[in-house]
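Asker: Next comes coords.cif, mmCIF, C-alpha atoms:
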data_query
#
loop_
_atom_site.label_atom_id
_atom_site.label_comp_id
_atom_site.auth_asym_id
_atom_site.auth_seq_id
_atom_site.Cartn_x
_atom_site.Cartn_y
_atom_site.Cartn_z
CA MET A 1 14.84 154.94 69.35
CA SER A 2 11.15 154.14 69.43
CA ARG A 3 9.64 155.53 66.26
CA ARG A 4 6.46 153.66 67.21
CA ALA A 5 6.18 155.62 70.48
CA ALA A 6 6.90 158.94 68.77
CA GLU A 7 4.27 158.26 66.15
CA ALA A 8 1.77 157.18 68.80
CA VAL A 9 2.27 160.48 70.61
CA PHE A 10 1.43 162.43 67.47
CA GLN A 11 -1.41 160.12 66.46
CA GLY A 12 -2.86 160.61 69.94
CA LEU A 13 -2.48 164.37 69.77
CA PHE A 14 -4.04 164.46 66.31
CA LEU A 15 -7.01 162.42 67.52
CA LEU A 16 -7.48 164.87 70.37
CA CYS A 17 -7.46 167.67 67.79
CA GLU A 18 -10.39 165.93 66.10
CA ILE A 19 -12.26 166.02 69.40
CA ARG A 20 -11.28 169.65 69.84
CA GLY A 21 -12.89 170.29 66.46
CA VAL A 22 -16.11 168.64 67.62
CA LEU A 23 -16.15 170.80 70.75
CA ARG A 24 -15.84 173.90 68.57
CA GLU A 25 -18.53 172.81 66.14
CA THR A 26 -20.98 172.11 68.90
CA ALA A 27 -20.21 175.00 71.28
CA PRO A 28 -21.63 176.14 73.58
CA LEU A 29 -24.09 173.35 74.37
CA HIS A 30 -21.94 170.45 73.17
CA THR A 31 -24.98 168.44 72.20
CA LEU A 32 -23.62 166.00 69.66
CA SER A 33 -25.69 164.61 66.80
CA ALA A 34 -25.84 160.84 66.32
CA GLU A 35 -23.25 161.16 63.56
CA GLN A 36 -20.94 163.26 65.73
CA LYS A 37 -21.33 160.79 68.61
CA ALA A 38 -20.42 157.86 66.35
CA LYS A 39 -17.41 159.71 64.96
CA THR A 40 -16.24 160.72 68.42
CA THR A 41 -16.65 157.18 69.75
CA LYS A 42 -14.38 155.91 66.96
CA THR A 43 -11.86 158.65 67.65
CA LEU A 44 -11.76 157.73 71.33
CA GLU A 45 -11.24 154.06 70.47
CA LYS A 46 -8.31 154.98 68.25
CA LEU A 47 -6.94 157.19 71.01
CA GLU A 48 -7.07 154.30 73.47
CA LYS A 49 -5.09 152.23 70.98
CA GLN A 50 -2.37 154.89 70.79
CA ILE A 51 -2.20 155.00 74.59
CA SER A 52 -1.78 151.21 74.63
CA ILE A 53 1.12 151.52 72.19
CA LEU A 54 2.77 154.10 74.41
CA LYS A 55 2.39 151.84 77.44
CA GLU A 56 3.89 148.93 75.51
CA GLU A 57 6.77 150.93 74.12
CA LEU A 58 7.73 153.07 77.08
CA VAL A 59 6.66 151.62 80.42
CA SER A 60 5.90 147.90 80.17
CA MET B 1 -5.60 175.26 83.65
CA ASN B 2 -2.25 176.61 82.55
CA CYS B 3 -0.26 175.77 79.42
CA GLY B 4 2.88 177.40 80.81
CA GLU B 5 3.81 179.35 83.90
CA GLY B 6 1.17 182.03 84.33
CA ILE B 7 -0.32 181.32 80.90
CA ASP B 8 -3.98 180.33 80.93
CA THR B 9 -5.06 177.74 78.42
CA ARG B 10 -7.35 179.50 75.97
CA LEU B 11 -10.69 177.71 75.84
CA ILE B 12 -12.80 180.47 74.25
CA GLU B 13 -13.40 178.66 70.97
CA GLU B 14 -14.21 175.35 72.66
CA LEU B 15 -16.60 176.78 75.26
CA TYR B 16 -18.24 179.68 73.45
CA ILE B 17 -19.54 180.82 70.10
CA ASN B 18 -17.06 183.59 69.42
CA LEU B 19 -18.40 186.53 67.38
CA ASP B 20 -15.23 188.63 67.57
CA PRO B 21 -15.08 190.50 64.25
CA ILE B 22 -11.36 189.97 63.69
CA GLN B 23 -11.09 186.42 64.96
CA ALA B 24 -13.74 184.55 63.00
CA GLY B 25 -11.84 183.78 59.79
CA GLY B 26 -8.60 182.96 61.54
CA ARG B 27 -9.87 180.11 63.68
CA LEU B 28 -7.70 177.10 62.94
CA THR B 29 -8.94 174.07 61.09
CA VAL B 30 -8.31 170.73 62.74
CA ASP B 31 -5.51 170.06 60.24
CA ALA B 32 -3.88 173.36 61.19
CA MET B 33 -4.05 172.38 64.86
CA LYS B 34 -2.20 169.16 63.98
CA ALA B 35 0.38 171.06 61.95
CA VAL B 36 0.92 173.45 64.86
CA LEU B 37 1.74 170.48 67.08
CA ALA B 38 4.18 168.98 64.60
CA TYR B 39 5.89 172.19 63.44
CA GLY B 40 6.03 174.31 66.60
CA ASP B 41 9.81 174.34 66.72
CA GLY B 42 11.43 177.55 65.48
CA TYR B 43 13.10 176.61 62.21
CA SER B 44 11.04 173.49 61.69
CA VAL B 45 10.46 173.97 57.95
CA CYS B 46 14.18 174.31 57.33
CA ASP B 47 15.17 170.61 57.70
CA ASN B 48 15.22 170.15 53.93
CA CYS B 49 16.09 173.66 52.79
CA GLU B 50 18.36 173.27 49.80
CA LYS B 51 19.85 175.64 47.29
CA PRO B 52 18.77 178.39 46.54
CA PHE B 53 17.94 178.54 50.28
CA ARG B 54 14.70 180.41 50.26
CA LEU B 55 11.35 179.66 51.91
CA ASP B 56 9.36 179.70 48.69
CA CYS B 57 11.72 177.10 47.17
CA ILE B 58 11.43 174.47 49.93
CA LYS B 59 9.94 171.26 48.56
CA LYS B 60 9.55 169.32 51.83
CA PRO B 61 7.22 170.34 53.40
CA PRO B 62 5.71 171.46 50.07
CA LEU B 63 6.09 175.22 50.51
CA ALA B 64 7.17 175.81 46.91
CA LYS B 65 3.96 174.27 45.63
CA PHE B 66 1.95 176.13 48.28
CA HIS B 67 3.30 179.45 47.02
CA ASP B 68 2.26 178.57 43.46
CA ASP B 69 -1.13 177.36 44.64
CA LEU B 70 -1.69 180.56 46.62
CA ALA B 71 -0.99 182.72 43.57
CA ALA B 72 -3.39 180.61 41.50
CA PHE B 73 -6.02 180.73 44.26
CA VAL B 74 -6.25 184.52 44.00
CA ASN B 75 -5.50 184.60 40.26
CA MET B 76 -2.23 186.47 40.51
CA ASP B 77 1.16 185.47 39.08
CA VAL B 78 3.47 185.33 42.09
CA ALA B 79 2.79 185.05 45.81
CA ARG B 80 4.85 185.19 48.96
CA LEU B 81 4.02 184.45 52.55
CA VAL B 82 4.37 187.44 54.84
CA PRO B 83 4.14 187.83 58.62
CA GLY B 84 0.71 189.47 58.50
CA ALA B 85 -1.00 191.71 55.94
CA ARG B 86 0.81 194.70 57.39
CA ARG B 87 4.15 193.32 56.19
CA GLY B 88 2.62 193.06 52.74
CA PHE B 89 1.66 196.74 52.85
CA GLN B 90 5.15 197.56 54.06
CA ALA B 91 6.82 195.64 51.22
CA VAL B 92 4.71 197.34 48.57
CA ALA B 93 5.15 200.81 50.04
CA GLY B 94 8.90 200.17 50.40
CA THR B 95 9.02 199.39 46.71
CA VAL B 96 6.66 201.93 45.20
CA VAL B 97 6.53 204.94 47.52
CA LYS B 98 9.42 207.41 47.69
CA LYS B 99 9.93 210.26 50.16
CA GLY B 100 7.39 213.03 49.58
CA ASP B 101 5.18 210.99 47.26
CA PRO B 102 1.46 211.48 47.70
CA VAL B 103 -0.30 208.21 48.46
CA LEU B 104 -4.02 207.58 48.31
CA LEU B 105 -5.77 205.53 50.99
CA THR B 106 -9.41 205.42 51.98
CA ALA B 107 -11.43 206.49 54.98
CA PHE B 108 -11.51 202.79 55.86
CA SER B 109 -7.81 202.06 55.52
CA HIS B 110 -6.23 200.13 58.37
CA TYR B 111 -3.74 201.99 60.53
CA THR B 112 -0.94 199.73 59.32
CA GLU B 113 -1.55 200.93 55.79
CA PHE B 114 -0.94 204.47 57.03
CA LEU B 115 2.16 203.35 58.91
CA SER B 116 3.57 201.71 55.80
CA VAL B 117 3.14 205.00 53.94
CA GLU B 118 4.75 206.91 56.79
CA GLN B 119 7.68 204.51 56.93
CA SER B 120 8.35 205.10 53.24
CA GLY B 121 8.13 208.86 53.64
CA GLY B 122 4.89 209.16 51.66
CA ILE B 123 2.15 211.70 52.29
CA PRO B 124 -1.22 210.06 52.99
CA HIS B 125 -4.46 211.30 51.45
CA GLU B 126 -7.84 209.72 51.99
CA VAL B 127 -10.83 208.94 49.79
CA PRO B 128 -14.10 209.61 51.63
CA PRO B 129 -16.98 207.14 51.49
CA ASP B 130 -20.41 207.98 50.08
CA ASP B 131 -23.53 208.08 52.24
CA SER B 132 -23.79 204.28 52.08
CA GLN B 133 -20.27 203.96 53.46
CA ILE B 134 -18.94 202.76 50.13
CA ILE B 135 -15.75 203.96 48.45
CA THR B 136 -16.70 204.77 44.87
CA ALA B 137 -14.62 205.01 41.71
CA ASP B 138 -15.88 208.59 41.24
CA ALA B 139 -14.59 209.59 44.66
CA VAL B 140 -11.21 208.03 43.85
CA ALA B 141 -11.05 209.93 40.54
CA THR B 142 -11.88 213.19 42.30
CA ARG B 143 -9.14 212.70 44.87
CA ILE B 144 -6.55 211.74 42.25
CA GLU B 145 -7.40 214.91 40.31
CA GLU B 146 -7.08 217.01 43.48
CA ILE B 147 -3.73 215.46 44.37
CA ASN B 148 -2.52 215.87 40.81
CA ARG B 149 -3.29 219.58 41.05
CA SER B 150 -1.86 220.15 44.52
CA ALA B 151 1.22 217.90 44.38
CA GLY B 152 1.94 218.18 40.69
CA LYS B 153 1.90 214.41 40.31
CA PRO B 154 -0.56 211.57 40.83
CA PRO B 155 -0.39 209.35 43.91
CA ALA B 156 2.43 206.80 43.87
CA LEU B 157 0.04 204.14 45.12
CA LEU B 158 -3.62 203.57 45.91
CA TYR B 159 -4.65 201.34 48.81
CA VAL B 160 -8.20 200.05 48.63
CA GLU B 161 -9.93 197.58 50.92
CA GLU B 162 -12.04 194.99 49.21
CA VAL B 163 -14.02 194.71 52.44
CA ASP B 164 -13.41 197.26 55.17
CA TYR B 165 -12.98 196.57 58.86
CA GLN B 166 -15.46 199.19 60.05
CA TYR B 167 -18.66 198.25 58.21
CA GLY B 168 -17.67 195.04 56.47
CA ASN B 169 -18.89 196.61 53.23
CA LEU B 170 -17.80 195.31 49.85
CA HIS B 171 -16.21 198.07 47.76
CA PRO B 172 -16.11 198.15 43.94
CA VAL B 173 -12.40 197.47 43.58
CA LYS B 174 -12.65 196.62 39.89
CA GLU B 175 -14.14 200.03 39.00
CA ILE B 176 -11.77 201.79 41.39
CA ALA B 177 -8.71 200.07 39.91
CA LYS B 178 -9.86 200.93 36.40
CA VAL B 179 -9.99 204.62 37.31
CA ALA B 180 -6.64 204.51 39.13
CA HIS B 181 -4.95 202.88 36.17
CA GLN B 182 -6.20 205.64 33.90
CA TYR B 183 -3.92 207.91 35.94
CA ASP B 184 -1.13 205.29 36.05
CA VAL B 185 -1.63 204.78 39.76
CA PRO B 186 -0.81 201.22 40.87
CA VAL B 187 -3.40 199.58 43.07
CA LEU B 188 -2.88 197.63 46.27
CA CYS B 189 -6.02 195.70 47.17
CA ASN B 190 -6.28 194.93 50.85
CA GLY B 191 -7.98 191.55 50.99
CA ALA B 192 -7.40 190.97 54.70
CA TYR B 193 -11.12 190.25 55.17
CA THR B 194 -11.75 188.53 51.86
CA VAL B 195 -8.87 186.27 50.79
CA GLY B 196 -9.74 182.92 52.36
CA ILE B 197 -13.31 183.93 53.15
CA MET B 198 -14.89 184.51 49.75
CA PRO B 199 -13.77 184.05 46.13
CA VAL B 200 -11.15 186.66 45.21
CA ASP B 201 -9.83 187.20 41.68
CA GLY B 202 -6.93 189.64 41.80
CA LYS B 203 -6.49 190.11 38.08
CA LYS B 204 -10.20 190.47 37.42
CA MET B 205 -10.25 193.23 40.03
CA GLY B 206 -7.26 194.88 38.39
CA ALA B 207 -5.08 194.70 41.47
CA ASP B 208 -1.36 195.19 40.98
CA PHE B 209 -0.79 193.97 44.52
CA LEU B 210 -3.09 191.82 46.59
CA VAL B 211 -2.62 191.34 50.31
CA GLY B 212 -4.32 188.71 52.45
CA SER B 213 -4.23 187.91 56.13
CA GLY B 214 -3.59 184.35 57.29
CA HIS B 215 -4.67 184.91 60.87
CA LYS B 216 -7.69 187.03 59.94
CA SER B 217 -9.13 185.08 57.07
CA MET B 218 -7.16 181.96 56.17
CA ALA B 219 -7.53 179.83 59.31
CA ALA B 220 -3.86 180.26 60.09
CA PRO B 221 -1.74 181.03 63.16
CA ALA B 222 -0.52 184.60 63.62
CA PRO B 223 1.34 186.42 62.26
CA SER B 224 0.73 185.21 58.76
CA GLY B 225 -0.44 186.60 55.48
CA MET B 226 0.02 186.66 51.75
CA LEU B 227 1.34 189.16 49.26
CA ALA B 228 0.64 188.47 45.60
CA THR B 229 1.40 190.43 42.49
CA THR B 230 1.43 190.32 38.72
CA SER B 231 4.36 189.26 36.53
CA GLU B 232 4.70 192.94 35.62
CA TRP B 233 5.55 193.87 39.20
CA ALA B 234 7.06 190.63 40.53
CA ASP B 235 10.70 191.33 39.71
CA ILE B 236 10.43 194.84 41.17
CA LEU B 237 8.56 193.92 44.33
CA PHE B 238 10.50 190.72 44.96
CA ARG B 239 13.87 192.08 43.87
CA THR B 240 16.84 190.14 45.21
CA THR B 241 19.66 191.55 47.27
CA LYS B 242 22.69 193.21 45.72
CA ALA B 243 24.35 193.82 49.10
CA LYS B 244 27.99 192.87 49.56
CA GLY B 245 30.11 193.01 52.72
CA ASP B 246 32.98 195.42 52.19
CA ILE B 247 35.38 193.41 54.39
CA THR B 248 34.18 189.84 53.98
CA GLY B 249 32.96 190.22 50.42
CA ARG B 250 29.92 188.18 51.36
CA THR B 251 26.87 188.25 49.12
CA PHE B 252 23.47 186.87 49.99
CA GLY B 253 22.22 184.86 47.07
CA VAL B 254 18.59 185.20 46.07
CA LYS B 255 17.26 186.62 49.33
CA GLU B 256 14.48 189.10 48.58
CA VAL B 257 15.01 192.57 50.03
CA GLU B 258 11.41 193.40 50.90
CA MET B 259 10.86 189.94 52.38
CA MET B 260 14.00 190.30 54.54
CA GLY B 261 14.98 186.87 53.26
CA CYS B 262 12.72 184.14 54.54
CA THR B 263 9.44 185.03 56.19
CA LEU B 264 7.30 182.37 57.89
CA MET B 265 9.68 179.68 59.00
CA GLY B 266 7.65 177.28 61.07
CA VAL B 267 4.27 176.98 62.67
CA THR B 268 2.77 179.91 60.75
CA SER B 269 3.58 178.72 57.23
CA VAL B 270 2.74 175.08 57.89
CA GLY B 271 -0.44 175.98 59.78
CA MET B 272 -1.52 178.15 56.87
CA MET B 273 -0.62 175.42 54.39
CA ALA B 274 -2.51 172.75 56.37
CA SER B 275 -5.67 174.87 56.37
CA PHE B 276 -5.37 175.78 52.71
CA PRO B 277 -7.31 172.84 51.19
CA HIS B 278 -10.17 173.61 53.61
CA VAL B 279 -9.94 177.33 52.87
CA LYS B 280 -10.21 176.64 49.13
CA GLU B 281 -13.37 174.65 49.79
CA ARG B 282 -14.94 177.07 52.22
CA VAL B 283 -14.81 180.04 49.87
CA LYS B 284 -17.10 178.02 47.60
CA GLN B 285 -19.59 177.87 50.48
CA PHE B 286 -19.53 181.62 51.03
CA ASP B 287 -23.23 182.02 50.20
CA GLN B 288 -24.09 179.67 53.06
CA HIS B 289 -22.04 181.76 55.47
CA LEU B 290 -23.78 184.91 54.25
CA LYS B 291 -27.18 183.32 54.65
CA ARG B 292 -26.41 182.50 58.27
CA CYS B 293 -25.15 186.03 58.87
CA ASN B 294 -28.28 187.54 57.36
CA GLN B 295 -30.41 185.31 59.61
CA ILE B 296 -28.67 186.72 62.68
CA VAL B 297 -29.00 190.28 61.36
CA ASP B 298 -32.71 189.67 60.73
CA ALA B 299 -33.14 188.37 64.26
CA LEU B 300 -31.37 191.43 65.65
CA CYS B 301 -33.42 193.79 63.50
CA SER B 302 -36.61 192.19 64.81
CA ILE B 303 -35.75 193.88 68.11
CA GLU B 304 -37.43 197.27 68.00
CA GLY B 305 -34.96 200.15 67.69
CA THR B 306 -32.17 197.99 66.30
CA ARG B 307 -30.68 198.69 62.89
CA VAL B 308 -27.86 197.38 60.78
CA MET B 309 -25.33 200.06 59.80
CA SER B 310 -23.54 197.93 57.23
CA GLU B 311 -24.96 197.41 53.76
CA TYR B 312 -27.93 195.07 53.81
CA PRO B 313 -28.50 192.32 52.75
CA ARG B 314 -25.03 191.52 53.91
CA ARG B 315 -22.33 190.75 51.35
CA HIS B 316 -19.77 189.94 54.03
CA PRO B 317 -20.34 188.55 57.53
CA LEU B 318 -18.46 191.30 59.41
CA THR B 319 -21.38 193.49 60.44
CA ARG B 320 -21.88 196.77 62.29
CA MET B 321 -25.03 197.17 64.34
CA ASN B 322 -26.64 200.14 66.02
CA THR B 323 -28.56 199.31 69.19
CA THR B 324 -28.69 202.82 70.64
CA GLU B 325 -32.49 202.65 70.62
CA SER B 326 -32.71 199.12 72.01
CA PHE B 327 -29.95 197.54 74.10
CA ASP B 328 -28.47 200.90 75.05
CA LYS B 329 -31.82 201.98 76.49
CA VAL B 330 -31.69 198.90 78.70
CA ALA B 331 -28.11 199.71 79.70
CA LYS B 332 -29.18 203.10 81.08
CA THR B 333 -31.12 201.49 83.92
CA HIS B 334 -29.52 198.05 84.15
CA LYS B 335 -27.40 197.36 87.25
CA LYS B 336 -24.61 196.10 85.01
CA LYS B 337 -24.95 199.19 82.81
CA GLY B 338 -23.45 198.69 79.34
CA PHE B 339 -21.85 195.43 80.39
CA PHE B 340 -25.21 193.68 80.64
CA LEU B 341 -25.28 192.67 76.98
CA LEU B 342 -21.97 190.81 76.90
CA SER B 343 -22.73 189.38 80.33
CA ALA B 344 -26.10 188.04 79.16
CA LEU B 345 -24.49 186.64 76.01
CA ARG B 346 -21.71 184.94 77.96
CA GLU B 347 -24.26 183.34 80.28
CA ARG B 348 -25.62 181.78 77.11
CA GLY B 349 -22.22 180.70 75.79
CA ILE B 350 -21.68 183.53 73.31
CA THR B 351 -18.79 185.98 73.36
CA GLY B 352 -16.76 188.34 71.18
CA ILE B 353 -18.78 191.56 71.45
CA ILE B 354 -16.72 194.42 72.87
CA SER B 355 -17.34 194.61 76.59
CA GLY B 356 -19.56 197.54 77.54
CA SER B 357 -20.79 198.21 74.01
CA THR B 358 -24.51 198.72 73.66
CA LYS B 359 -24.63 201.55 71.13
CA VAL B 360 -22.61 200.66 68.05
CA TRP B 361 -20.82 197.34 67.86
CA LYS B 362 -19.58 194.79 65.39
CA PHE B 363 -19.80 191.06 65.14
CA ASN B 364 -18.72 188.38 62.72
CA PRO B 365 -20.49 185.01 62.63
CA TYR B 366 -18.28 183.56 59.89
CA GLY B 367 -17.75 179.82 60.23
CA LEU B 368 -20.72 179.06 62.46
CA THR B 369 -22.87 176.04 61.71
CA ASP B 370 -26.59 176.37 60.91
CA GLY B 371 -27.42 175.36 64.46
CA GLN B 372 -24.99 177.83 66.00
CA SER B 373 -26.21 180.80 63.93
CA GLN B 374 -29.83 179.96 64.74
CA TYR B 375 -28.85 179.81 68.40
CA VAL B 376 -27.11 183.20 68.27
CA GLY B 377 -30.16 184.86 66.70
CA ASP B 378 -32.48 183.22 69.22
CA MET B 379 -30.32 184.32 72.15
CA PHE B 380 -30.24 187.98 71.08
CA VAL B 381 -34.03 187.89 70.87
CA GLU B 382 -34.31 186.09 74.21
CA ILE B 383 -32.14 188.71 75.91
CA ALA B 384 -34.19 191.51 74.35
CA LYS B 385 -37.45 190.00 75.58
CA GLU B 386 -36.01 189.36 79.02
CA GLU B 387 -35.11 193.06 79.25
CA GLY B 388 -38.58 194.17 78.17
CA LEU B 389 -37.76 195.23 74.62
CA THR B 390 -40.37 194.78 71.92
CA VAL B 391 -39.61 192.09 69.37
CA GLN B 392 -41.45 191.90 66.05
CA PRO B 393 -42.69 188.38 65.30
#
What does the file become when written as structure tokens?
Answerer:
Amino acid sequence: MSRRAAEAVFQGLFLLCEIRGVLRETAPLHTLSAEQKAKTTKTLEKLEKQISILKEELVS
Amino acid sequence: MNCGEGIDTRLIEELYINLDPIQAGGRLTVDAMKAVLAYGDGYSVCDNCEKPFRLDCIKKPPLAKFHDDLAAFVNMDVARLVPGARRGFQAVAGTVVKKGDPVLLTAFSHYTEFLSVEQSGGIPHEVPPDDSQIITADAVATRIEEINRSAGKPPALLYVEEVDYQYGNLHPVKEIAKVAHQYDVPVLCNGAYTVGIMPVDGKKMGADFLVGSGHKSMAAPAPSGMLATTSEWADILFRTTKAKGDITGRTFGVKEVEMMGCTLMGVTSVGMMASFPHVKERVKQFDQHLKRCNQIVDALCSIEGTRVMSEYPRRHPLTRMNTTESFDKVAKTHKKKGFFLLSALRERGITGIISGSTKVWKFNPYGLTDGQSQYVGDMFVEIAKEEGLTVQP
């Protein structure tokens, strides 16, 4: 059982939901404010971390 | 891009500003999206269901607390989750209306309110609106008197919409309920467009039953809704089963008859619950939402020949417009005919207006940001100018 992998899947999905929220807030032009860009950059960094965990846990 | 065989992934909310009048208040919050991912499995809230084995008693996830919080949110005594407002109407009618009973609805009642009356064997009667498309307490009193005379008894139940789906007008439920109670007529307030959108106080309004819609106004997945009542009615409406199998002798504990036992057992209840903290906050910002709506209405009304058919200034964002003398004139000669308006809007990333409508149509800008509502107003004006209509500065 890899609880770490299971949690990383959900963390990753939840982070993508945050980005989905930004897409909705900024539709249709998707021009992000400086604040939204900073927030989204952080979200993407966190997402990359979750992907790294999944690689470590499942395929390395 | 498909999310299942033959099932397109829905990208409307991500790609467009969606003005669909029934969809605005039901758009999920980010937390609801997360809950949907985690609780998509069928009986996913039932992992920790313990005695007395009923949805509103489950502590993990905190559904029991959510039920209490919901009742407090609308200032009623007891609340239950239901699979859509219509199931709330059905439960109340099933409890209160007997075969042949007259029942009072309004000219703005939803078809499912009528169906709930029909299912219970009641006879529907309507209250007409006044010239401003408002249901008044006087009109309700008149109809009750008429029914009393013709049927020999008052209506068994009055349905009244706090905000109606046709004009989005706010009706004086408090005055209406006061009149109905003078004739001992219980009042069901249909809050499908208000609970979760604006502050609602069931007891202050005098509602005996208050119904809300999760997927219309509480940022929840469908089908979801809420039925709340007072302590006076709770034991009657939420009566528990007395059924017993004649061969097995089985009985069914505390399952509630009108709820058919448990109601929302997975993604709907948890999605609704996940949005709830945000919903509680957003009703406090209702004035901001109204301001944005009024800005769009003002922009539309700056187009010569355009008028708002709903009450104005708006007291709810669901709005009915009449563009017979503006956009419909364009449609008469446009190569796309009546479809030009939605087409022009979609080119600009806006959708949700009924395709082909250029005479009378509705929109609902609830939930848009300042920037998005400004954009919507600007785009209507831009389309009007592009088609040669006169726009007042």
Asker: Can you spell out as a list in words the set of residues that the PyMOL selection byres ((chain A and resi 38-40) around 12) selects in the structure I just provided?
Answerer: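 With the shown file as input, the PyMOL selection byres ((chain A and resi 38-40) around 12) matches Leu15, Leu16, Cys17, Glu18, Ile19, Arg20, Gly21, Val22, Leu23, Leu32, Ser33, Ala34, Glu35, Gln36, Lys37, Thr41, Lys42, Thr43, Leu44, Glu45, Lys46 and Leu47 of chain A.
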Asker: Which residues come within 10 Å of Arg4 in chain A, counting only C-alpha atoms, excluding same-chain residues fewer than 6 positions away, as number ranges by chain?
Answerer: A: 50, 53-54, 56-58
Asker: Now that the selection is made, can you save its residues with C-alpha atoms as a short mmCIF file (atom, residue, chain, number, x, y, z; two decimals), keeping the file's coordinate frame?
Answerer:
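To be explicit, this is the file written out as selection31.cif:
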data_model
loop_
_atom_site.label_atom_id
_atom_site.label_comp_id
_atom_site.auth_asym_id
_atom_site.auth_seq_id
_atom_site.Cartn_x
_atom_site.Cartn_y
_atom_site.Cartn_z
CA GLN A 50 -2.37 154.89 70.79
CA ILE A 53 1.12 151.52 72.19
CA LEU A 54 2.77 154.10 74.41
CA GLU A 56 3.89 148.93 75.51
CA GLU A 57 6.77 150.93 74.12
CA LEU A 58 7.73 153.07 77.08
#
Asker: Could you list, as a list in words, every residue matched by the PyMOL selection byres ((chain B and resi 126) around 6) in this structure?
Answerer: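 On this input, the PyMOL selection byres ((chain B and resi 126) around 6) captures Leu104, Leu105, Thr106, Ala107, His125 and Val127 of chain B.
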Asker: Include C-alpha atoms and write out the residues we just selected as a short mmCIF file (atom, residue, chain, number, x, y, z; two decimals), in the frame of the given file.
Answerer:
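Produced file out26.cif, reproduced below:
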data_model
loop_
_atom_site.label_atom_id
_atom_site.label_comp_id
_atom_site.auth_asym_id
_atom_site.auth_seq_id
_atom_site.Cartn_x
_atom_site.Cartn_y
_atom_site.Cartn_z
CA LEU B 104 -4.02 207.58 48.31
CA LEU B 105 -5.77 205.53 50.99
CA THR B 106 -9.41 205.42 51.98
CA ALA B 107 -11.43 206.49 54.98
CA HIS B 125 -4.46 211.30 51.45
CA VAL B 127 -10.83 208.94 49.79
#
Asker: Applying the PyMOL selection byres ((chain B) within 9 of (chain A)) to the file I just gave you, which residues come out? Please list them as a ChimeraX atom specification.
Answerer: /B:13-17,29-31,33-34,37-38,348-350,368-369,371-372
Asker: Please provide as a ChimeraX atom specification all residues within 9 Å of Lys280 in chain B, with the sequence filter that same-chain residues fewer than 6 positions apart are discarded (counting all atoms listed in the file).
Answerer: /B:73,196-197,199
Asker: May I ask for the distance between CA of Leu318 in chain B and CA of Lys362 in chain B, given in Å to one decimal place?
Answerer: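 Atom-to-atom, CA of Leu318 in chain B and CA of Lys362 in chain B are spaced 7.0 Å apart.
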Asker: Start from the incomplete input, build N, CA and C atoms for range 26-37 of chain A, and deliver everything as a PDB file, keeping the file's coordinate frame.
Answerer:
ATOM      1  N   THR A  26     -19.746 172.289  68.135  1.00  0.00           N
ATOM      2  CA  THR A  26     -20.980 172.110  68.900  1.00  0.00           C
ATOM      3  C   THR A  26     -21.096 173.085  70.079  1.00  0.00           C
ATOM      4  N   ALA A  27     -20.141 174.011  70.187  1.00  0.00           N
ATOM      5  CA  ALA A  27     -20.210 175.000  71.280  1.00  0.00           C
ATOM      6  C   ALA A  27     -21.473 175.845  71.116  1.00  0.00           C
ATOM      7  N   PRO A  28     -22.059 176.312  72.191  1.00  0.00           N
ATOM      8  CA  PRO A  28     -21.630 176.140  73.580  1.00  0.00           C
ATOM      9  C   PRO A  28     -22.319 174.959  74.275  1.00  0.00           C
ATOM     10  N   LEU A  29     -23.300 174.353  73.651  1.00  0.00           N
ATOM     11  CA  LEU A  29     -24.090 173.350  74.370  1.00  0.00           C
ATOM     12  C   LEU A  29     -23.450 171.971  74.339  1.00  0.00           C
ATOM     13  N   HIS A  30     -22.607 171.741  73.322  1.00  0.00           N
ATOM     14  CA  HIS A  30     -21.940 170.450  73.170  1.00  0.00           C
ATOM     15  C   HIS A  30     -22.924 169.278  73.132  1.00  0.00           C
ATOM     16  N   THR A  31     -24.024 169.524  72.451  1.00  0.00           N
ATOM     17  CA  THR A  31     -24.980 168.440  72.200  1.00  0.00           C
ATOM     18  C   THR A  31     -24.628 167.827  70.855  1.00  0.00           C
ATOM     19  N   LEU A  32     -24.109 166.621  70.895  1.00  0.00           N
ATOM     20  CA  LEU A  32     -23.620 166.000  69.660  1.00  0.00           C
ATOM     21  C   LEU A  32     -24.754 165.272  68.937  1.00  0.00           C
ATOM     22  N   SER A  33     -24.738 165.367  67.615  1.00  0.00           N
ATOM     23  CA  SER A  33     -25.690 164.610  66.800  1.00  0.00           C
ATOM     24  C   SER A  33     -25.280 163.134  66.840  1.00  0.00           C
ATOM     25  N   ALA A  34     -26.159 162.277  66.336  1.00  0.00           N
ATOM     26  CA  ALA A  34     -25.840 160.840  66.320  1.00  0.00           C
ATOM     27  C   ALA A  34     -24.558 160.599  65.513  1.00  0.00           C
ATOM     28  N   GLU A  35     -24.438 161.305  64.407  1.00  0.00           N
ATOM     29  CA  GLU A  35     -23.250 161.160  63.560  1.00  0.00           C
ATOM     30  C   GLU A  35     -21.990 161.607  64.299  1.00  0.00           C
ATOM     31  N   GLN A  36     -22.101 162.746  64.969  1.00  0.00           N
ATOM     32  CA  GLN A  36     -20.940 163.260  65.730  1.00  0.00           C
ATOM     33  C   GLN A  36     -20.574 162.321  66.874  1.00  0.00           C
ATOM     34  N   LYS A  37     -21.599 161.750  67.504  1.00  0.00           N
ATOM     35  CA  LYS A  37     -21.330 160.790  68.610  1.00  0.00           C
ATOM     36  C   LYS A  37     -20.598 159.565  68.071  1.00  0.00           C
TER      37      LYS A  37
END
